[in-house]
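**Student:** Structure: protein-v7.txt, compact mmCIF, C-alpha atoms and all ligand atoms.
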```txt
# COMPACT_ATOMS: atom_id res chain seq x y z
CA MET A 1 83.71 150.42 112.13
CA THR A 2 85.01 151.36 108.71
CA ASP A 3 83.41 154.21 106.80
CA HIS A 4 84.48 152.61 103.53
CA ILE A 5 81.08 150.91 103.58
CA LEU A 6 78.09 153.19 104.04
CA VAL A 7 74.81 151.61 105.08
CA GLU A 8 71.61 153.59 104.86
CA ARG A 9 67.89 152.97 104.74
CA GLN A 10 65.48 154.53 102.28
CA GLY A 11 62.10 153.28 103.43
CA ALA A 12 62.15 149.49 103.08
CA VAL A 13 65.35 149.55 101.02
CA GLN A 14 68.71 149.00 102.69
CA ILE A 15 71.56 150.48 100.65
CA ILE A 16 75.07 149.10 101.11
CA ARG A 17 77.46 151.44 99.36
CA ILE A 18 81.11 150.57 98.74
CA ASN A 19 82.95 153.83 99.26
CA ARG A 20 86.74 153.71 99.03
CA PRO A 21 87.29 155.65 95.82
CA ASP A 22 91.03 156.29 96.25
CA LYS A 23 91.62 152.51 96.03
CA LYS A 24 88.96 151.90 93.38
CA ASN A 25 86.74 150.45 96.10
CA ALA A 26 89.08 147.50 96.80
CA LEU A 27 87.58 145.52 99.67
CA THR A 28 89.35 145.11 103.00
CA ARG A 29 88.53 142.72 105.82
CA ALA A 30 86.71 145.48 107.74
CA MET A 31 84.60 146.27 104.67
CA TYR A 32 83.54 142.63 104.27
CA ALA A 33 82.65 142.47 107.96
CA LYS A 34 80.46 145.54 107.69
CA MET A 35 78.67 144.23 104.58
CA SER A 36 78.04 140.86 106.26
CA ALA A 37 76.63 142.60 109.32
CA ALA A 38 74.39 144.80 107.16
CA LEU A 39 72.98 141.78 105.31
CA ALA A 40 72.28 139.97 108.59
CA GLU A 41 70.73 143.03 110.23
CA GLY A 42 68.60 143.83 107.18
CA ASP A 43 67.41 140.23 106.94
CA ALA A 44 66.46 140.25 110.64
CA ASP A 45 64.52 143.51 110.40
CA PRO A 46 60.99 143.19 108.99
CA ALA A 47 61.11 146.87 108.00
CA VAL A 48 63.75 146.00 105.37
CA ARG A 49 62.42 144.30 102.22
CA VAL A 50 65.39 144.51 99.86
CA HIS A 51 69.16 145.01 99.89
CA VAL A 52 70.91 147.23 97.35
CA PHE A 53 74.63 147.24 96.52
CA LEU A 54 76.16 150.36 94.98
CA GLY A 55 79.68 151.66 94.42
CA VAL A 56 81.04 155.06 93.44
CA PRO A 57 81.13 156.66 89.97
CA GLY A 58 83.49 154.62 87.79
CA ALA A 59 84.19 151.93 90.37
CA PHE A 60 81.83 149.33 91.72
CA SER A 61 84.96 147.67 93.14
CA ALA A 62 88.43 146.47 92.14
CA GLY A 63 87.79 143.33 94.17
CA ASN A 64 89.60 142.05 97.19
CA ASP A 65 92.34 144.31 98.51
CA LEU A 66 95.40 142.65 97.05
CA ALA A 67 97.56 143.90 99.92
CA ASP A 68 95.35 141.82 102.24
CA PHE A 69 95.80 138.78 99.99
CA LEU A 70 99.55 139.34 99.94
CA VAL A 71 99.60 139.20 103.75
CA ILE A 72 98.19 135.66 103.57
CA ALA A 73 100.41 134.74 100.62
CA THR A 74 103.46 135.63 102.66
CA GLY A 75 102.46 133.64 105.73
CA GLY A 76 100.40 136.20 107.67
CA GLU A 77 96.99 135.91 109.31
CA GLY A 78 94.12 136.50 106.88
CA GLY A 79 91.00 136.37 109.06
CA ASN A 80 87.64 134.96 108.03
CA GLU A 81 85.86 138.13 106.97
CA VAL A 82 85.89 137.43 103.24
CA TRP A 83 84.70 133.83 103.65
CA ASP A 84 82.00 134.96 106.08
CA PHE A 85 80.82 137.50 103.53
CA LEU A 86 80.53 134.87 100.80
CA MET A 87 78.36 132.81 103.15
CA ALA A 88 76.31 135.90 104.01
CA LEU A 89 75.63 136.41 100.29
CA ALA A 90 74.59 132.80 99.84
CA LYS A 91 72.36 132.88 102.90
CA ALA A 92 70.76 136.30 102.35
CA GLU A 93 67.00 135.89 102.71
CA LYS A 94 65.83 139.06 101.00
CA PRO A 95 66.18 140.10 97.36
CA MET A 96 69.40 141.86 96.40
CA VAL A 97 69.73 144.45 93.64
CA SER A 98 73.03 145.89 92.44
CA GLY A 99 74.05 148.93 90.45
CA VAL A 100 77.45 148.63 88.79
CA ASP A 101 79.36 151.45 87.12
CA GLY A 102 82.87 151.00 85.76
CA ILE A 103 85.31 148.65 87.43
CA ALA A 104 83.95 145.32 88.68
CA VAL A 105 86.80 142.89 89.33
CA GLY A 106 86.83 139.53 91.13
CA ILE A 107 84.30 139.45 93.96
CA ALA A 108 82.82 142.63 92.49
CA THR A 109 81.75 140.49 89.53
CA THR A 110 80.83 137.32 91.42
CA LEU A 111 78.79 139.23 94.01
CA ASN A 112 76.38 140.11 91.21
CA LEU A 113 75.80 136.45 90.42
CA HIS A 114 73.96 136.36 93.77
CA CYS A 115 71.87 139.41 93.01
CA ASP A 116 68.32 139.13 91.75
CA LEU A 117 68.66 142.15 89.48
CA THR A 118 71.89 143.84 88.38
CA PHE A 119 71.95 147.10 86.45
CA ALA A 120 75.21 148.16 84.83
CA THR A 121 76.38 151.14 82.79
CA PRO A 122 77.88 151.00 79.29
CA ARG A 123 81.40 151.67 80.64
CA THR A 124 81.23 148.73 83.05
CA LEU A 125 83.64 145.83 82.63
CA PHE A 126 83.09 142.64 84.60
CA ARG A 127 86.32 140.70 85.00
CA THR A 128 87.57 137.85 87.18
CA PRO A 129 91.34 137.41 86.79
CA PHE A 130 91.41 134.60 89.37
CA VAL A 131 93.51 132.20 87.33
CA ASP A 132 95.93 134.93 86.23
CA LEU A 133 96.49 135.62 89.92
CA GLY A 134 97.17 131.92 90.57
CA LEU A 135 93.76 131.67 92.27
CA VAL A 136 90.44 129.93 91.60
CA PRO A 137 86.83 131.12 91.30
CA GLU A 138 84.97 131.91 94.52
CA ALA A 139 81.55 132.91 95.86
CA GLY A 140 79.92 129.88 94.25
CA SER A 141 80.72 131.32 90.82
CA SER A 142 82.00 127.94 89.58
CA LEU A 143 78.47 126.63 90.16
CA ILE A 144 76.35 129.64 89.19
CA ALA A 145 78.25 130.94 86.13
CA PRO A 146 78.02 127.74 84.02
CA ARG A 147 74.26 127.69 84.69
CA LEU A 148 73.88 131.30 83.58
CA LEU A 149 76.44 131.51 80.79
CA GLY A 150 76.85 127.91 79.68
CA ARG A 151 80.09 126.07 80.36
CA GLN A 152 82.08 127.87 77.66
CA GLY A 153 80.85 131.30 78.64
CA ALA A 154 81.77 130.52 82.23
CA PHE A 155 85.19 129.33 81.12
CA ALA A 156 85.73 132.61 79.23
CA LEU A 157 84.78 134.60 82.34
CA LEU A 158 86.32 132.50 85.11
CA GLY A 159 89.07 130.58 83.32
CA LEU A 160 90.37 132.99 80.69
CA GLY A 161 89.53 136.06 82.75
CA GLU A 162 87.98 137.72 79.69
CA GLY A 163 86.32 141.06 80.33
CA PHE A 164 82.55 141.12 79.88
CA SER A 165 81.13 144.50 78.90
CA ALA A 166 77.70 145.35 80.27
CA GLU A 167 76.17 144.59 76.87
CA ARG A 168 77.87 141.20 76.69
CA ALA A 169 76.91 140.43 80.27
CA LYS A 170 73.28 141.27 79.51
CA ALA A 171 73.23 139.23 76.30
CA ALA A 172 74.76 136.33 78.24
CA GLY A 173 72.06 136.48 80.93
CA MET A 174 74.43 137.63 83.66
CA ILE A 175 72.76 140.96 84.38
CA TYR A 176 69.29 142.44 84.06
CA ASP A 177 69.81 145.73 82.23
CA VAL A 178 72.22 148.33 80.90
CA VAL A 179 71.43 151.94 81.83
CA ALA A 180 73.21 155.26 81.39
CA GLU A 181 75.54 156.39 84.19
CA ASP A 182 73.29 159.26 85.22
CA SER A 183 70.25 157.04 85.59
CA LEU A 184 71.93 154.05 87.27
CA GLU A 185 70.97 154.81 90.84
CA SER A 186 67.44 155.90 89.99
CA ALA A 187 66.91 152.68 87.99
CA VAL A 188 68.26 150.58 90.85
CA LEU A 189 66.17 152.34 93.47
CA ALA A 190 63.02 152.16 91.33
CA ALA A 191 63.50 148.40 90.93
CA ALA A 192 64.17 148.07 94.66
CA ALA A 193 60.97 150.02 95.41
CA ASP A 194 59.00 147.68 93.11
CA ILE A 195 60.42 144.68 94.95
CA ALA A 196 59.69 146.25 98.33
CA ALA A 197 56.03 146.69 97.33
CA LYS A 198 55.50 142.96 96.63
CA PRO A 199 53.95 140.63 99.20
CA PRO A 200 57.14 139.60 101.03
CA GLU A 201 56.17 136.02 101.94
CA ALA A 202 55.17 135.07 98.39
CA LEU A 203 58.24 136.82 97.04
CA LYS A 204 60.54 134.94 99.39
CA ILE A 205 59.14 131.56 98.35
CA ALA A 206 59.30 132.49 94.65
CA ARG A 207 62.87 133.70 95.01
CA ASP A 208 64.01 130.58 96.84
CA LEU A 209 62.42 128.38 94.18
CA MET A 210 64.33 130.16 91.42
CA ARG A 211 67.76 129.92 93.01
CA ALA A 212 70.18 127.02 93.26
CA PRO A 213 69.41 125.09 96.46
CA ARG A 214 71.21 126.90 99.30
CA GLU A 215 72.86 123.73 100.60
CA GLU A 216 74.39 123.05 97.19
CA LEU A 217 75.63 126.63 96.90
CA ILE A 218 77.07 126.65 100.41
CA ALA A 219 78.83 123.33 99.83
CA ARG A 220 80.38 124.70 96.63
CA ILE A 221 81.53 127.90 98.33
CA GLU A 222 83.20 125.77 101.01
CA VAL A 223 85.06 123.68 98.43
CA GLU A 224 86.09 126.75 96.44
CA SER A 225 87.24 128.51 99.61
CA GLU A 226 89.42 125.57 100.59
CA HIS A 227 91.15 125.66 97.19
CA PHE A 228 91.35 129.45 97.29
CA ARG A 229 93.06 129.51 100.69
CA GLU A 230 95.56 126.90 99.52
CA ARG A 231 96.18 128.74 96.27
CA LEU A 232 96.82 132.01 98.10
CA LYS A 233 99.94 130.40 99.56
CA SER A 234 101.16 129.09 96.19
CA ASP A 235 104.18 130.41 94.31
CA GLU A 236 101.87 131.36 91.43
CA ALA A 237 99.72 133.60 93.63
CA ARG A 238 102.60 135.06 95.63
CA GLY A 239 104.34 136.05 92.38
CA ALA A 240 101.24 137.64 90.83
CA LEU A 241 100.24 139.53 93.99
CA THR A 242 103.76 140.80 94.57
CA ALA A 243 103.93 141.95 90.94
CA PHE A 244 100.74 144.02 91.37
CA MET A 245 101.74 145.56 94.68
CA THR A 246 105.23 146.51 93.47
CA ARG A 247 104.30 147.57 89.94
CA LYS A 248 105.58 150.87 88.67
CA LYS A 249 103.01 153.24 87.26
CA GLY A 250 103.74 154.69 83.82
N1 LIG B 1 93.76 145.97 95.98
C1 LIG B 1 94.49 146.95 96.52
N2 LIG B 1 94.67 148.15 95.95
C2 LIG B 1 94.07 148.34 94.74
C3 LIG B 1 93.32 147.36 94.13
C4 LIG B 1 93.16 146.12 94.78
N3 LIG B 1 92.41 145.13 94.28
N4 LIG B 1 92.87 147.83 92.94
C5 LIG B 1 93.33 149.08 92.84
N5 LIG B 1 94.04 149.39 93.94
C6 LIG B 1 94.71 150.66 94.23
C7 LIG B 1 95.97 150.84 93.42
O1 LIG B 1 97.07 150.17 94.01
C8 LIG B 1 96.10 152.33 93.43
O2 LIG B 1 96.62 152.73 94.68
P1 LIG B 1 97.73 153.92 94.75
O3 LIG B 1 97.07 155.11 94.13
O4 LIG B 1 97.99 154.05 96.22
O5 LIG B 1 98.90 153.41 93.94
C9 LIG B 1 94.66 152.82 93.40
O6 LIG B 1 93.87 151.73 93.86
C10 LIG B 1 94.18 153.17 92.01
O7 LIG B 1 94.39 152.03 91.16
P2 LIG B 1 95.07 152.13 89.71
O8 LIG B 1 95.61 150.78 89.37
O9 LIG B 1 95.99 153.28 89.66
O10 LIG B 1 93.77 152.46 88.84
P3 LIG B 1 93.53 152.11 87.32
O11 LIG B 1 92.27 152.81 86.97
O12 LIG B 1 94.75 152.36 86.50
O13 LIG B 1 93.27 150.53 87.29
C11 LIG B 1 92.28 148.46 88.00
C12 LIG B 1 92.17 149.99 87.98
C13 LIG B 1 91.13 147.94 88.82
C14 LIG B 1 92.17 147.92 86.56
C15 LIG B 1 93.64 148.05 88.59
O14 LIG B 1 93.85 148.79 89.80
C16 LIG B 1 93.71 146.57 88.95
O15 LIG B 1 93.92 145.73 88.08
N6 LIG B 1 93.52 146.26 90.24
C17 LIG B 1 93.61 144.89 90.72
C18 LIG B 1 92.30 144.18 90.48
C19 LIG B 1 92.36 142.75 90.98
O16 LIG B 1 93.12 141.96 90.49
N7 LIG B 1 91.50 142.44 91.99
C20 LIG B 1 91.47 141.17 92.65
C21 LIG B 1 90.65 140.19 91.93
S1 LIG B 1 90.61 138.62 92.77
```
When written as structure tokens, how does the structure in this file appear?
**Tutor:**
Amino acid sequence: MTDHILVERQGAVQIIRINRPDKKNALTRAMYAKMSAALAEGDADPAVRVHVFLGVPGAFSAGNDLADFLVIATGGEGGNEVWDFLMALAKAEKPMVSGVDGIAVGIATTLNLHCDLTFATPRTLFRTPFVDLGLVPEAGSSLIAPRLLGRQGAFALLGLGEGFSAERAKAAGMIYDVVAEDSLESAVLAAAADIAAKPPEALKIARDLMRAPREELIARIEVESEHFRERLKSDEARGALTAFMTRKKG
């Protein structure tokens, strides 16, 4: 099991921490698998009332490990871990809270669209360069983002790949609050503790009522994933991924 994802319990709160700072928390197949397992185990355990996602200072995550994507783009075996994780997010039964500081690229932005509360710091930049990489939106973001941001806001985020600062994301309804770096984790954990203190059955029904119907979300993730897998093998994606992996640093 990878130690790039740390899972811990604080009372009724399960904390899933992305912890691969030397690669800006880029997510590998093993990391997705561990996060999916944590969500499933936390959901199955009545002692857990809420899931929390955290990263490291300055990096929530740089998104999918592009070396892993390049393996698929060049004809290799990609595995199902990432797709399984997207389904795990869509199917998660308990509230999810995230705390984002700094880099939040690709899935590290779209993951938050599934969260019930996201806190971010002023230096956070949410960005999804899917199209620039020859790819398409994933994680149900093509369904959720237009509902949250309006169609043009969603196009700016998912089509143009524009960066959204924490302030812009909050004004657009994408996140719950902006807090200083040194109070991020305490704010997240305080919110998680509030959630954990609510009557869980009523909260579950209320939460389900507020979210897009699961079947619709799951169907969209499946369609997106089909396109995404195809696009990964395209010339556009192969070129962009190769350019990143072989770039020279100034
Ligand atoms: N996949 C694999 N490795 C990644 C990565 C990713 N998504 N993001 C960063 N890394 C690695 C870098 O290759 C580098 O490794 P090295 O030190 O062995 O060369 C290390 O993490 C640090 O990244 P670096 O680019 O030097 O940091 P930075 O602060 O200058 O820039 C980013 C950070 C996130 C802006 C930049 O790394 C980036 O654009 N990453 C790709 C993001 C992306 O497109 N994600 C996929 C979305 S679908």
**Student:** Please list as number ranges by chain every residue within 9 Å of segment 171-185 of chain A, counting all atoms listed in the file and excluding residues in the same chain fewer than 2 positions away.
**Tutor:** A: 54, 57-58, 99-101, 112-113, 115-123, 145, 148-150, 153, 166-169, 187-190
**Student:** For segment 28-35 of chain A, list every protein, DNA or RNA residue within 7 Å, evaluated using all atoms listed in the file, and leave out those in the same chain fewer than 3 positions away; present the list as a ChimeraX atom specification.
**Tutor:** /A:2,4-5,16,38-39,64-65,68,81-82,85
**Student:** Using atom N5 of ligand LIG 1 (chain B) and atom CA of Val56 of chain A as the two end points, give the distance in Å to one decimal.
**Tutor:**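 Result for atom N5 of ligand LIG 1 (chain B) versus atom CA of Val56 of chain A: 14.2 Å, one decimal.
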**Student:** With all atoms listed in the file as the counted atoms, please give the residues lying no more than 8 Å from Gly161 of chain A, apart from itself and same-chain residues fewer than 2 positions off, as a PyMOL selection string.
**Tutor:** chain A and resi 127-132+156-159+163
**Student:** Would you compute the distance between atom CA of Ala192 of chain A and atom N4 of ligand LIG 1 (chain B)? Give it in Å to one decimal.
**Tutor:**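 Taking atom CA of Ala192 of chain A as the start and atom N4 of ligand LIG 1 (chain B) as the end point, the length is 28.8 Å.
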